[in-house]
Amino acid sequence: MNPLLMADLTVFTLALLVGFEVISKVPATLHTPLMSGANAIHGVVLIGVMLLAATTSTMAGYVLLAVAAFFGAANVAGGYAVTDRMLAMFRSRS
Amino acid sequence: MSGFDTGVHLIYLACATLFVVGLHLMNAPATARRGNQISAAGMIVAIATTAVVLIDDGRSGVMAVTALTVGAVAGAAAGMIAARRVQMTAMPQLVSLFNAVGGGAAALIALGDRATGAQAAVTGALDVVIGGITFSGSLIASGKLAGQIPGRPVIVPAGRILSALLAVAAGGLAVLAGPERSPVALAAVAACALVIGVLLTLPIGGADMPVVISLLNACTGTAVAMAGFVLDSTPLIIAGALVGSAGAILTKLMADAMNRSILAIVAGGYGTGDAAVVPVAAGASGVREITADDAAIQLAYATKVVIVPGYGLAAAQAQHEAVALAQALTDHGVDVSYGIHPVAGRMPGHMNVLLAEANAPYEQLKDLDEINPAFAGTDVVLVVGANDVTNPAARRPGNPVSGMPIVDVDKARSVIVIKRSLGHGYAGIDNELYTDPKTAMLFADAKAGLAALQAAVHVYAAG
């Protein structure tokens with residue numbers, strides 16, 4: 001196993017544990033915004049799509065790139081916007 | 001590592017930290033919005049940094065940059081429009097849709113990237129399989145939640161055998177793709193995964209959706225982390241792992257709250273989604289009926305009232321009527337709160353969002369651990385559209401709801417249940433609460449019943 005994969009696996013495992021620790025404390029009241037917010041975070045996939053551009057040079061590749069960019073951008077922009085809209089509705093007793 | 005690379009790496013690390021801090025701030029309603037904004041700020045910096053990396057790299061052709069930009073701008077616009085327009089009751093299907101496109105993008109990365117070698121071959125194949133299943137599975141789940149696909153379990157003949165065969169085929173094709181990662185073989189793997197996603201989600205009943213969308217969310221997180229392994233990109237690995245654990249925790253919580261194992265839910269074929277209306281038998285044994293006027297007087301006389309909303313309230317979209325009644329009672333000096341079971345609604349925590357939209361202050365929204373000890377000091381509990389989650393039979397072994405966490409409404413001094421009929425809930429058994437001497441039934445549709453109660457409370461309070 002190469003050192004690069006070892007490092008990636010370490011990061012992956014620790015991030016999983018951090019996720020469990022942080023998210024276990026979220027109350028049931030906020031579970032929908034939590035899921036929607038987590039959904040927005042996996043919109044980070046857009047970064048991966050952007051990195052593909054460096055090695056794409058075929059017509060099929062361009063189409064795939066455009067579709068993937070559409071998906072990733074819809075995920076990240078819509079995810080954060082809708083989570084913000086929901087959380088804005090959680091008001092305290094005025 | 002050059003200075004530039006080091007800088008980029010440190011910025012990505014800072015962004016990952018912002019994601020974690022953002023999620024951490026989501027643990028209280030007062031800070032949650034700021035948490036989401038911090039997470040979004042981290043995302044914007046990460047995307048901008050990647051744009052700089054692409055420019056510095058200089059290998060991207062004009063066509064690639066154009067395809068990327070056009071796709072991203074159109075996607076962002078579509079996402080923003082959907083986010084602005086969505087009704088809160090339609091939130092589960094939109095979250096499911098965003099989940100689908102995230103998984104789809106992750107699978108496309110593994111299909112489009114030309115990295116070779118053992119690591120890319122294994123993680124790339126996993127990415128294509130998990131991302132593909134999530135993409136089609138989430139689309140089906142979204143369709144079921146939106147009512148475009150029947151919510152009842154749709155049984156495909158030999159569906160499970162077909163899924164198993166396709167899984168074996170996908171594994172074989174992934175091996176065939178080899179360390180060279182043949183695009184044709186990988187595309188065939190993707191096709192198998194897409195069909196598996198459809199076959200797995202179709203037989204799952206509508207009421208199991210809170211678990212299913214949590215599980216699909218966990219899958220997308222994992223697929224994104226796998227894409228991170230393929231590209232050797234730390235932000236993708238970290239963010240994917242965070243989402244993976246969020247989805248896994250919610251899946252476990254929802255399955256526990258429904259008293260079902262995750263495996264049994266995924267196996268599917270259980271439940272019908274919506275309960276049928278059973279006509280009320282004349283003088284059904286031991287059931288006491290109450291009129292809206294009498295119920296309103298009982299509520300207005302109370303010191304402490306707890307409203308227990310369930311799936312039926314969400315389905316009838318009666319959250320505004322519930323909050324209006326609570327407001328009328330609060331104005332009359334009654335202490336009102338909401339006792340919310342984890343699976344009330346169509347996705348984890350959905351009921352809270354619906355009530356927040358209707359302007360219920362979040363201090364009044366109580367989860368099971370908070371509300372159950374409070375029932376001993378509660379005068380009247382108003383149950384609206386909740387059935388199995390209030391059934392005291394859950395405390396005894398030997399029935400379908402045994403062991404399920406319930407709202408202890410029967411511990412209060414009196415209970416009023418608004419329900420269309422004595423029909424069964426999801427578990428298909430009688431609710432012992434309805435024949436409890438301290439329970440009174442108000443037979444009405446959730447929306448109409450709550451509106452009648454509110455009108456009666458107003459008249460009573462004015463007089």
# chains A, B, ... in the order shown; residues from 1 in each chain; ligands from 1

$ interface_residues --of "chain B" --to "chain A" --cutoff "6 Å" --atoms "only C-alpha atoms" --output "PyMOL selection string"
chain B and resi 24+27+33+47+59-60+64+67-68+71-72+75-76+79-80+83+98+101-102+105+237-238+240-243+245+348-350+352+356-357+361-362

$ residues_around --residues "region 122-125 of chain B" --least-positions-apart "3" --cutoff "7 Å" --atoms "only C-alpha atoms" --output "list in words"
Ala110, Ala118, Gln119, Val128, Val129, Ala174, Met226, Ala227, Phe229 and Val230 of chain B

$ select_by_dssp --residues "region 177-263 of chain B" --states "helix (DSSP H, G or I)" --output "VMD selection string"
chain B and resid 177 183 to 201 206 to 231 234 to 257 262 to 263

$ write_last_selection --atoms "C-alpha atoms" --output "mmCIF file, in the first residue's frame"
data_model
loop_
_atom_site.group_PDB
_atom_site.id
_atom_site.type_symbol
_atom_site.label_atom_id
_atom_site.label_comp_id
_atom_site.auth_asym_id
_atom_site.auth_seq_id
_atom_site.Cartn_x
_atom_site.Cartn_y
_atom_site.Cartn_z
ATOM 1 C CA ALA B 177 -11.951 -2.614 -16.290
ATOM 2 C CA PRO B 183 -14.129 3.504 -19.914
ATOM 3 C CA VAL B 184 -16.476 1.052 -21.655
ATOM 4 C CA ALA B 185 -16.374 -1.456 -18.791
ATOM 5 C CA LEU B 186 -16.850 1.325 -16.222
ATOM 6 C CA ALA B 187 -19.837 2.678 -18.137
ATOM 7 C CA ALA B 188 -21.345 -0.824 -17.999
ATOM 8 C CA VAL B 189 -20.718 -0.878 -14.220
ATOM 9 C CA ALA B 190 -22.575 2.457 -13.998
ATOM 10 C CA ALA B 191 -25.515 1.058 -15.978
ATOM 11 C CA CYS B 192 -25.789 -1.925 -13.588
ATOM 12 C CA ALA B 193 -25.658 0.437 -10.583
ATOM 13 C CA LEU B 194 -28.421 2.637 -11.994
ATOM 14 C CA VAL B 195 -30.746 -0.339 -12.442
ATOM 15 C CA ILE B 196 -29.900 -1.671 -8.954
ATOM 16 C CA GLY B 197 -30.790 1.732 -7.458
ATOM 17 C CA VAL B 198 -34.244 1.618 -9.063
ATOM 18 C CA LEU B 199 -34.848 -2.016 -8.055
ATOM 19 C CA LEU B 200 -33.838 -1.359 -4.440
ATOM 20 C CA THR B 201 -35.971 1.759 -3.927
ATOM 21 C CA GLY B 206 -43.730 5.589 1.493
ATOM 22 C CA ALA B 207 -43.721 5.649 5.295
ATOM 23 C CA ASP B 208 -40.188 4.200 5.397
ATOM 24 C CA MET B 209 -38.865 7.184 3.422
ATOM 25 C CA PRO B 210 -37.293 9.013 6.418
ATOM 26 C CA VAL B 211 -34.920 6.067 6.770
ATOM 27 C CA VAL B 212 -34.333 5.671 3.049
ATOM 28 C CA ILE B 213 -33.366 9.267 2.364
ATOM 29 C CA SER B 214 -31.029 9.246 5.385
ATOM 30 C CA LEU B 215 -29.394 6.103 4.022
ATOM 31 C CA LEU B 216 -29.079 7.533 0.503
ATOM 32 C CA ASN B 217 -27.548 10.675 2.017
ATOM 33 C CA ALA B 218 -24.919 8.514 3.734
ATOM 34 C CA CYS B 219 -24.268 6.769 0.392
ATOM 35 C CA THR B 220 -23.704 10.051 -1.438
ATOM 36 C CA GLY B 221 -21.236 11.127 1.252
ATOM 37 C CA THR B 222 -19.355 7.851 0.786
ATOM 38 C CA ALA B 223 -19.428 8.178 -3.021
ATOM 39 C CA VAL B 224 -17.965 11.704 -2.766
ATOM 40 C CA ALA B 225 -15.230 10.435 -0.432
ATOM 41 C CA MET B 226 -14.439 7.695 -2.998
ATOM 42 C CA ALA B 227 -14.207 10.347 -5.717
ATOM 43 C CA GLY B 228 -11.751 12.081 -3.380
ATOM 44 C CA PHE B 229 -9.631 8.907 -3.287
ATOM 45 C CA VAL B 230 -9.648 8.693 -7.092
ATOM 46 C CA LEU B 231 -8.551 12.315 -7.482
ATOM 47 C CA THR B 234 -8.465 15.835 0.639
ATOM 48 C CA PRO B 235 -11.479 18.221 0.747
ATOM 49 C CA LEU B 236 -13.627 15.622 -1.021
ATOM 50 C CA ILE B 237 -12.491 12.878 1.349
ATOM 51 C CA ILE B 238 -13.150 14.963 4.482
ATOM 52 C CA ALA B 239 -16.496 16.414 3.375
ATOM 53 C CA GLY B 240 -17.646 13.040 2.046
ATOM 54 C CA ALA B 241 -16.779 11.334 5.341
ATOM 55 C CA LEU B 242 -18.605 14.035 7.359
ATOM 56 C CA VAL B 243 -21.767 13.590 5.285
ATOM 57 C CA GLY B 244 -21.373 9.809 5.435
ATOM 58 C CA SER B 245 -21.433 9.873 9.235
ATOM 59 C CA ALA B 246 -24.326 12.380 9.327
ATOM 60 C CA GLY B 247 -26.387 10.091 7.094
ATOM 61 C CA ALA B 248 -25.416 6.984 9.060
ATOM 62 C CA ILE B 249 -26.434 8.539 12.400
ATOM 63 C CA LEU B 250 -29.776 9.752 11.050
ATOM 64 C CA THR B 251 -30.446 6.359 9.447
ATOM 65 C CA LYS B 252 -29.869 4.591 12.761
ATOM 66 C CA LEU B 253 -31.973 7.123 14.725
ATOM 67 C CA MET B 254 -34.886 6.893 12.277
ATOM 68 C CA ALA B 255 -34.826 3.090 12.116
ATOM 69 C CA ASP B 256 -34.804 2.915 15.945
ATOM 70 C CA ALA B 257 -37.650 5.437 16.173
ATOM 71 C CA ILE B 262 -32.342 -1.063 8.547
ATOM 72 C CA LEU B 263 -32.078 -4.392 6.693
#

$ residues_around --residues "Ala393 (chain B)" --least-positions-apart "4" --cutoff "7 Å" --atoms "only C-alpha atoms" --output "list of chain:residue names"
B:Val401, B:Ser402, B:Glu432

$ residues_around --residues "Cys15 (chain B)" --least-positions-apart "2" --cutoff "8 Å" --atoms "only C-alpha atoms" --output "ChimeraX atom specification"
/B:11-13,17-19,42-43,45-46,235

$ select_by_dssp --residues "region 398-456 of chain B" --states "strand (DSSP E)" --output "count of residues only"
11
